[in-house]
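A.B. asks: Structure supplied as start.pdb; contents: PDB, C-alpha atoms.
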```
ATOM      1  CA  MET A 116     -64.334 -21.650 -26.592
ATOM      2  CA  LYS A 117     -65.168 -20.114 -23.216
ATOM      3  CA  LYS A 118     -68.870 -20.122 -24.103
ATOM      4  CA  TRP A 119     -68.790 -23.798 -25.035
ATOM      5  CA  ILE A 120     -66.995 -24.743 -21.801
ATOM      6  CA  TYR A 121     -69.643 -22.955 -19.718
ATOM      7  CA  TYR A 122     -72.367 -24.462 -21.886
ATOM      8  CA  ILE A 123     -71.173 -28.064 -21.522
ATOM      9  CA  ILE A 124     -70.705 -27.603 -17.780
ATOM     10  CA  GLY A 125     -74.228 -26.185 -17.532
ATOM     11  CA  LEU A 126     -75.804 -29.073 -19.449
ATOM     12  CA  ASN A 127     -74.065 -31.628 -17.273
ATOM     13  CA  MET A 128     -75.082 -29.794 -14.103
ATOM     14  CA  ILE A 129     -78.740 -29.894 -15.152
ATOM     15  CA  ALA A 130     -78.699 -33.574 -16.182
ATOM     16  CA  LEU A 131     -76.882 -34.597 -13.007
ATOM     17  CA  ALA A 132     -79.220 -32.528 -10.839
ATOM     18  CA  VAL A 133     -82.289 -34.181 -12.396
ATOM     19  CA  VAL A 134     -81.003 -37.576 -11.254
ATOM     20  CA  LEU A 135     -79.764 -36.367  -7.856
ATOM     21  CA  ASN A 136     -83.166 -34.902  -7.036
ATOM     22  CA  ILE A 137     -84.656 -38.356  -7.546
ATOM     23  CA  ARG A 138     -82.031 -39.946  -5.300
ATOM     24  CA  TRP A 139     -82.782 -37.709  -2.289
ATOM     25  CA  ASN A 140     -86.331 -39.136  -2.002
ATOM     26  CA  LEU A 141     -87.975 -35.792  -1.324
ATOM     27  CA  GLY A 142     -89.746 -35.496  -4.660
ATOM     28  CA  VAL A 143     -88.256 -34.791  -8.060
ATOM     29  CA  ALA A 144     -87.532 -31.280  -9.321
ATOM     30  CA  ALA A 145     -90.672 -29.538 -10.548
ATOM     31  CA  PHE A 146     -89.344 -28.995 -14.072
ATOM     32  CA  SER A 147     -88.721 -32.742 -14.515
ATOM     33  CA  SER A 148     -91.818 -33.993 -12.678
ATOM     34  CA  VAL A 149     -93.834 -34.636 -15.849
ATOM     35  CA  MET A 150     -90.971 -36.606 -17.416
ATOM     36  CA  TYR A 151     -90.442 -38.657 -14.268
ATOM     37  CA  SER A 152     -94.131 -39.495 -13.768
ATOM     38  CA  ALA A 153     -94.478 -40.406 -17.462
ATOM     39  CA  SER A 154     -91.453 -42.720 -17.204
ATOM     40  CA  GLN A 155     -93.023 -44.463 -14.208
ATOM     41  CA  ILE A 156     -96.536 -44.693 -15.640
ATOM     42  CA  TYR A 157     -95.544 -45.900 -19.112
ATOM     43  CA  GLY A 158     -92.480 -47.967 -18.140
ATOM     44  CA  ILE A 159     -89.898 -46.080 -20.193
ATOM     45  CA  SER A 160     -86.560 -44.604 -19.194
ATOM     46  CA  LEU A 161     -86.376 -41.099 -17.752
ATOM     47  CA  GLY A 162     -84.232 -40.052 -20.706
ATOM     48  CA  ASN A 163     -86.742 -41.297 -23.292
ATOM     49  CA  ALA A 164     -89.630 -39.628 -21.471
ATOM     50  CA  SER A 165     -87.576 -36.425 -21.442
ATOM     51  CA  ILE A 166     -86.942 -36.635 -25.189
ATOM     52  CA  VAL A 167     -90.681 -36.824 -25.920
ATOM     53  CA  MET A 168     -91.408 -33.823 -23.684
ATOM     54  CA  TYR A 169     -88.520 -31.831 -25.138
ATOM     55  CA  LEU A 170     -89.764 -32.328 -28.696
ATOM     56  CA  ILE A 171     -93.190 -31.082 -27.602
ATOM     57  CA  PHE A 172     -91.521 -28.000 -26.103
ATOM     58  CA  VAL A 173     -89.682 -27.320 -29.384
ATOM     59  CA  LEU A 174     -93.019 -27.417 -31.217
ATOM     60  CA  LEU A 175     -94.569 -25.044 -28.658
ATOM     61  CA  GLN A 176     -91.712 -22.577 -29.130
ATOM     62  CA  CYS A 177     -92.362 -22.480 -32.873
ATOM     63  CA  ILE A 178     -96.090 -21.940 -32.275
ATOM     64  CA  LEU A 179     -95.639 -19.193 -29.661
ATOM     65  CA  SER A 180     -93.018 -17.259 -31.613
ATOM     66  CA  LYS A 181     -94.767 -17.953 -34.953
ATOM     67  CA  LYS A 182     -91.493 -18.875 -36.606
ATOM     68  CA  VAL A 183     -89.073 -21.734 -37.091
ATOM     69  CA  THR A 184     -85.478 -20.742 -36.375
ATOM     70  CA  VAL A 185     -82.159 -22.545 -36.567
ATOM     71  CA  SER A 186     -81.953 -22.321 -32.764
ATOM     72  CA  TYR A 187     -85.255 -24.159 -32.409
ATOM     73  CA  LEU A 188     -84.209 -26.821 -34.905
ATOM     74  CA  LEU A 189     -80.910 -27.343 -33.081
ATOM     75  CA  GLU A 190     -82.887 -28.108 -29.926
ATOM     76  CA  ILE A 191     -84.112 -31.305 -31.605
ATOM     77  CA  PRO A 192     -80.732 -33.132 -31.659
ATOM     78  CA  LEU A 193     -79.982 -31.590 -28.256
ATOM     79  CA  SER A 194     -83.209 -33.164 -26.954
ATOM     80  CA  PHE A 195     -81.892 -36.608 -27.823
ATOM     81  CA  ALA A 196     -78.389 -35.864 -26.499
ATOM     82  CA  PHE A 197     -79.727 -34.481 -23.214
ATOM     83  CA  GLY A 198     -82.121 -37.417 -22.804
ATOM     84  CA  TRP A 199     -79.240 -39.851 -23.257
ATOM     85  CA  LEU A 200     -77.084 -37.803 -20.859
ATOM     86  CA  THR A 201     -79.834 -38.023 -18.243
ATOM     87  CA  ASP A 202     -79.998 -41.800 -18.666
ATOM     88  CA  PHE A 203     -76.201 -41.940 -18.333
ATOM     89  CA  TYR A 204     -76.263 -40.160 -14.965
ATOM     90  CA  ASP A 205     -79.230 -42.280 -13.917
ATOM     91  CA  TRP A 206     -77.056 -45.328 -14.613
ATOM     92  CA  ILE A 207     -73.869 -44.173 -12.837
ATOM     93  CA  VAL A 208     -75.291 -42.333  -9.797
ATOM     94  CA  PRO A 209     -75.889 -44.930  -7.053
ATOM     95  CA  ASN A 210     -78.868 -45.129  -4.729
ATOM     96  CA  VAL A 211     -77.395 -44.304  -1.315
ATOM     97  CA  GLN A 212     -79.533 -43.981   1.786
ATOM     98  CA  PHE A 213     -78.934 -40.913   3.988
ATOM     99  CA  PRO A 214     -80.755 -39.624   7.081
ATOM    100  CA  LEU A 215     -83.645 -37.271   6.342
ATOM    101  CA  ALA A 216     -81.736 -34.188   7.517
ATOM    102  CA  ALA A 217     -78.859 -34.980   5.149
ATOM    103  CA  ASN A 218     -81.285 -35.539   2.271
ATOM    104  CA  ILE A 219     -82.826 -32.107   2.877
ATOM    105  CA  VAL A 220     -79.428 -30.391   2.857
ATOM    106  CA  LEU A 221     -78.344 -32.302  -0.260
ATOM    107  CA  PHE A 222     -81.603 -31.458  -2.015
ATOM    108  CA  ILE A 223     -81.129 -27.747  -1.340
ATOM    109  CA  VAL A 224     -77.550 -27.931  -2.626
ATOM    110  CA  THR A 225     -78.851 -29.677  -5.748
ATOM    111  CA  MET A 226     -81.325 -26.818  -6.295
ATOM    112  CA  PHE A 227     -78.386 -24.409  -6.492
ATOM    113  CA  ILE A 228     -76.629 -26.776  -8.920
ATOM    114  CA  THR A 229     -79.742 -26.893 -11.106
ATOM    115  CA  ALA A 230     -80.128 -23.127 -11.074
ATOM    116  CA  MET A 231     -76.458 -22.629 -11.967
ATOM    117  CA  GLY A 232     -76.760 -25.102 -14.846
ATOM    118  CA  VAL A 233     -79.780 -23.230 -16.214
ATOM    119  CA  PHE A 234     -78.051 -19.871 -15.706
ATOM    120  CA  LEU A 235     -74.923 -20.967 -17.572
ATOM    121  CA  THR A 236     -76.754 -22.465 -20.559
ATOM    122  CA  VAL A 237     -79.009 -19.414 -20.919
ATOM    123  CA  GLN A 238     -76.190 -16.871 -20.509
ATOM    124  CA  THR A 239     -74.017 -18.482 -23.187
ATOM    125  CA  ASN A 240     -76.855 -17.890 -25.661
ATOM    126  CA  LEU A 241     -76.022 -21.080 -27.550
ATOM    127  CA  VAL A 242     -78.530 -23.912 -28.005
ATOM    128  CA  LEU A 243     -80.874 -24.022 -25.022
ATOM    129  CA  THR A 244     -82.354 -27.175 -23.596
ATOM    130  CA  PRO A 245     -86.002 -27.246 -24.703
ATOM    131  CA  VAL A 246     -87.057 -26.712 -21.063
ATOM    132  CA  ASP A 247     -85.104 -23.453 -20.881
ATOM    133  CA  GLY A 248     -85.970 -22.710 -24.489
ATOM    134  CA  ILE A 249     -89.713 -22.713 -23.863
ATOM    135  CA  VAL A 250     -89.222 -20.551 -20.752
ATOM    136  CA  LYS A 251     -87.066 -18.074 -22.698
ATOM    137  CA  THR A 252     -89.539 -17.993 -25.600
ATOM    138  CA  ILE A 253     -92.436 -17.228 -23.245
ATOM    139  CA  SER A 254     -90.261 -14.588 -21.564
ATOM    140  CA  GLU A 255     -89.487 -12.892 -24.886
ATOM    141  CA  VAL A 256     -92.952 -13.183 -26.449
ATOM    142  CA  PHE A 257     -94.774 -11.821 -23.392
ATOM    143  CA  HIS A 258     -91.939  -9.564 -22.135
ATOM    144  CA  ILE A 259     -91.705 -11.149 -18.703
ATOM    145  CA  ARG A 260     -88.477 -11.674 -16.774
ATOM    146  CA  PHE A 261     -86.921 -15.099 -17.337
ATOM    147  CA  SER A 262     -86.698 -16.017 -13.631
ATOM    148  CA  LEU A 263     -90.404 -15.182 -13.095
ATOM    149  CA  VAL A 264     -91.460 -17.278 -16.093
ATOM    150  CA  LYS A 265     -89.253 -20.088 -14.758
ATOM    151  CA  ASN A 266     -91.138 -20.034 -11.447
ATOM    152  CA  THR A 267     -94.505 -20.099 -13.220
ATOM    153  CA  TYR A 268     -93.381 -22.863 -15.568
ATOM    154  CA  ASP A 269     -92.217 -25.067 -12.672
ATOM    155  CA  ILE A 270     -95.520 -24.671 -10.854
ATOM    156  CA  ALA A 271     -97.400 -25.463 -14.078
ATOM    157  CA  MET A 272     -95.345 -28.664 -14.532
ATOM    158  CA  VAL A 273     -96.371 -29.851 -11.076
ATOM    159  CA  ALA A 274    -100.027 -29.229 -11.972
ATOM    160  CA  VAL A 275     -99.625 -31.185 -15.243
ATOM    161  CA  THR A 276     -97.959 -34.041 -13.329
ATOM    162  CA  VAL A 277    -100.895 -34.254 -10.907
ATOM    163  CA  LEU A 278    -103.329 -34.268 -13.837
ATOM    164  CA  LEU A 279    -101.323 -36.951 -15.686
ATOM    165  CA  CYS A 280    -101.305 -39.211 -12.623
ATOM    166  CA  LEU A 281    -105.015 -38.697 -11.987
ATOM    167  CA  CYS A 282    -105.925 -39.472 -15.611
ATOM    168  CA  ASN A 283    -103.904 -42.692 -15.455
ATOM    169  CA  HIS A 284    -105.204 -43.648 -11.978
ATOM    170  CA  ALA A 285    -101.575 -43.718 -10.823
ATOM    171  CA  PRO A 286     -99.859 -42.601  -7.596
ATOM    172  CA  PHE A 287     -98.433 -39.089  -7.586
ATOM    173  CA  TYR A 288     -95.012 -40.226  -8.756
ATOM    174  CA  GLY A 289     -92.114 -38.070  -7.622
ATOM    175  CA  ILE A 290     -94.208 -35.330  -6.023
ATOM    176  CA  GLY A 291     -93.073 -34.337  -2.542
ATOM    177  CA  ILE A 292     -91.859 -31.420  -0.487
ATOM    178  CA  GLY A 293     -88.795 -31.199  -2.724
ATOM    179  CA  THR A 294     -91.001 -30.675  -5.785
ATOM    180  CA  ILE A 295     -92.654 -27.702  -4.109
ATOM    181  CA  LEU A 296     -89.279 -26.294  -3.043
ATOM    182  CA  THR A 297     -87.938 -26.418  -6.603
ATOM    183  CA  ALA A 298     -91.154 -24.967  -8.030
ATOM    184  CA  VAL A 299     -90.890 -21.831  -5.897
ATOM    185  CA  GLY A 300     -87.129 -21.758  -5.336
ATOM    186  CA  ILE A 301     -85.127 -22.418  -8.500
ATOM    187  CA  GLY A 302     -86.436 -19.368 -10.329
ATOM    188  CA  ARG A 303     -85.552 -17.226  -7.306
ATOM    189  CA  ILE A 304     -82.044 -18.682  -7.164
ATOM    190  CA  ILE A 305     -81.588 -17.956 -10.880
ATOM    191  CA  SER A 306     -82.612 -14.340 -10.237
ATOM    192  CA  ILE A 307     -79.840 -14.108  -7.612
ATOM    193  CA  TYR A 308     -77.320 -15.435 -10.122
ATOM    194  CA  GLU A 309     -78.636 -12.946 -12.715
ATOM    195  CA  ALA A 310     -78.084 -10.059 -10.295
ATOM    196  CA  LYS A 311     -74.713 -11.147  -8.874
ATOM    197  CA  ILE A 312     -72.847 -12.899 -11.701
ATOM    198  CA  LYS A 313     -71.748 -11.194 -14.889
ATOM    199  CA  LEU A 314     -70.160 -13.564 -17.405
ATOM    200  CA  SER A 315     -67.835 -12.259 -20.096
ATOM    201  CA  PHE A 316     -67.103 -14.095 -23.353
TER     202      PHE A 316
END
```
Now that the file is in, can you turn its structure into structure tokens?
C.D. replies:
Amino acid sequence: MKKWIYYIIGLNMIALAVVLNIRWNLGVAAFSSVMYSASQIYGISLGNASIVMYLIFVLLQCILSKKVTVSYLLEIPLSFAFGWLTDFYDWIVPNVQFPLAANIVLFIVTMFITAMGVFLTVQTNLVLTPVDGIVKTISEVFHIRFSLVKNTYDIAMVAVTVLLCLCNHAPFYGIGIGTILTAVGIGRIISIYEAKIKLSF
């Protein structure tokens, strides 16, 4: 029961943070930049764009690990649930204008919320979001620390976002200073949580 409580809290923290990062107008989080730019380019909801990306990540996990596991298969319904949860927060979280300094502080706070959400879902070892699942799979297949892979993954997502926008002759949707901060920062924050917090179940 304790695991599931942490897990549900973690999922909600991630989904909420995805939307909050958009609201602060400093650029979306690196790990959701591809989803956000795709939603803007193709005129679909952020949740639906996320579902498509998540299903691709599930496929990549199967290819990299050369196996199909129950955990991977469970990520498929979770992809839909998490996409809908993202759309729910996108619907209920209002657009409120703050001064730039406040937006910066709020964005940094949101980075810690994101990192905690990822930390909780990974530590419970239940069904990972496909974003964390692909990072964990790469970490296990290539024997690289999770937080380091997370940093690399975030930077790669920003590069893919730039390429997607260029190929569609679109503006660089959602890319800003905040995107860079999350790309280099969230993995580092997770590593702090890994070192300082020991969860018991």
A.B. asks: Give me, as JSON, numbers by chain, all polymer residues having an atom no more than 12 Å from stretch 155-169 of chain A, counting all atoms listed in the file and skipping those fewer than 3 positions away in the same chain.
C.D. replies: {"A": [130, 131, 133, 134, 137, 143, 146, 147, 148, 149, 150, 151, 152, 172, 173, 174, 175, 176, 187, 188, 189, 190, 191, 192, 193, 194, 195, 196, 197, 198, 199, 200, 201, 202, 203, 204, 205, 206, 243, 244, 245, 246, 247, 248, 249, 272, 276, 279, 280, 281, 282, 283, 284, 285, 286, 287, 288, 289]}
A.B. asks: Contacts of A:Asn210 at 10 Å or less, counting all atoms listed in the file, minus same-chain residues fewer than 2 places along, as a list in words?
C.D. replies: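 Residues meeting the cut-off are Leu135, Ile137, Arg138, Trp139, Asn140, Asp205, Ile207, Val208, Gln212 and Phe213 of chain A.
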A.B. asks: Please expand the PyMOL selection byres ((chain A and resi 300) around 12) into the concrete residues it hits in this file, giving the result as an NGL selection string.
C.D. replies: :A and (144-146 or 222-227 or 229-230 or 262-263 or 265-267 or 269-270 or 292-299 or 301-307)
A.B. asks: Save the residues we just selected, C-alpha atoms, as a compact mmCIF listing (two decimals), keeping the file's coordinate frame?
C.D. replies:
```
# COMPACT_ATOMS: atom_id res chain seq x y z
CA ALA A 144 -87.53 -31.28 -9.32
CA ALA A 145 -90.67 -29.54 -10.55
CA PHE A 146 -89.34 -29.00 -14.07
CA PHE A 222 -81.60 -31.46 -2.02
CA ILE A 223 -81.13 -27.75 -1.34
CA VAL A 224 -77.55 -27.93 -2.63
CA THR A 225 -78.85 -29.68 -5.75
CA MET A 226 -81.32 -26.82 -6.30
CA PHE A 227 -78.39 -24.41 -6.49
CA THR A 229 -79.74 -26.89 -11.11
CA ALA A 230 -80.13 -23.13 -11.07
CA SER A 262 -86.70 -16.02 -13.63
CA LEU A 263 -90.40 -15.18 -13.10
CA LYS A 265 -89.25 -20.09 -14.76
CA ASN A 266 -91.14 -20.03 -11.45
CA THR A 267 -94.50 -20.10 -13.22
CA ASP A 269 -92.22 -25.07 -12.67
CA ILE A 270 -95.52 -24.67 -10.85
CA ILE A 292 -91.86 -31.42 -0.49
CA GLY A 293 -88.80 -31.20 -2.72
CA THR A 294 -91.00 -30.68 -5.78
CA ILE A 295 -92.65 -27.70 -4.11
CA LEU A 296 -89.28 -26.29 -3.04
CA THR A 297 -87.94 -26.42 -6.60
CA ALA A 298 -91.15 -24.97 -8.03
CA VAL A 299 -90.89 -21.83 -5.90
CA ILE A 301 -85.13 -22.42 -8.50
CA GLY A 302 -86.44 -19.37 -10.33
CA ARG A 303 -85.55 -17.23 -7.31
CA ILE A 304 -82.04 -18.68 -7.16
CA ILE A 305 -81.59 -17.96 -10.88
CA SER A 306 -82.61 -14.34 -10.24
CA ILE A 307 -79.84 -14.11 -7.61
```
A.B. asks: State, in Å with one decimal place, the distance from atom CA of A:Leu126 to atom CA of A:Ile178.
C.D. replies: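 About the pair atom CA of A:Leu126 and atom CA of A:Ile178: they are 25.0 Å apart.
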A.B. asks: How many Å separate atom CA of A:Arg260 from atom CA of A:Asn127?
C.D. replies: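 Result for atom CA of A:Arg260 versus atom CA of A:Asn127: 24.6 Å, one decimal.
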A.B. asks: Provide the atom CA of A:Ala271 to atom CA of A:Ile228 distance in Å, to one decimal place.
C.D. replies: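 Distance between the two atoms: 21.4 Å.
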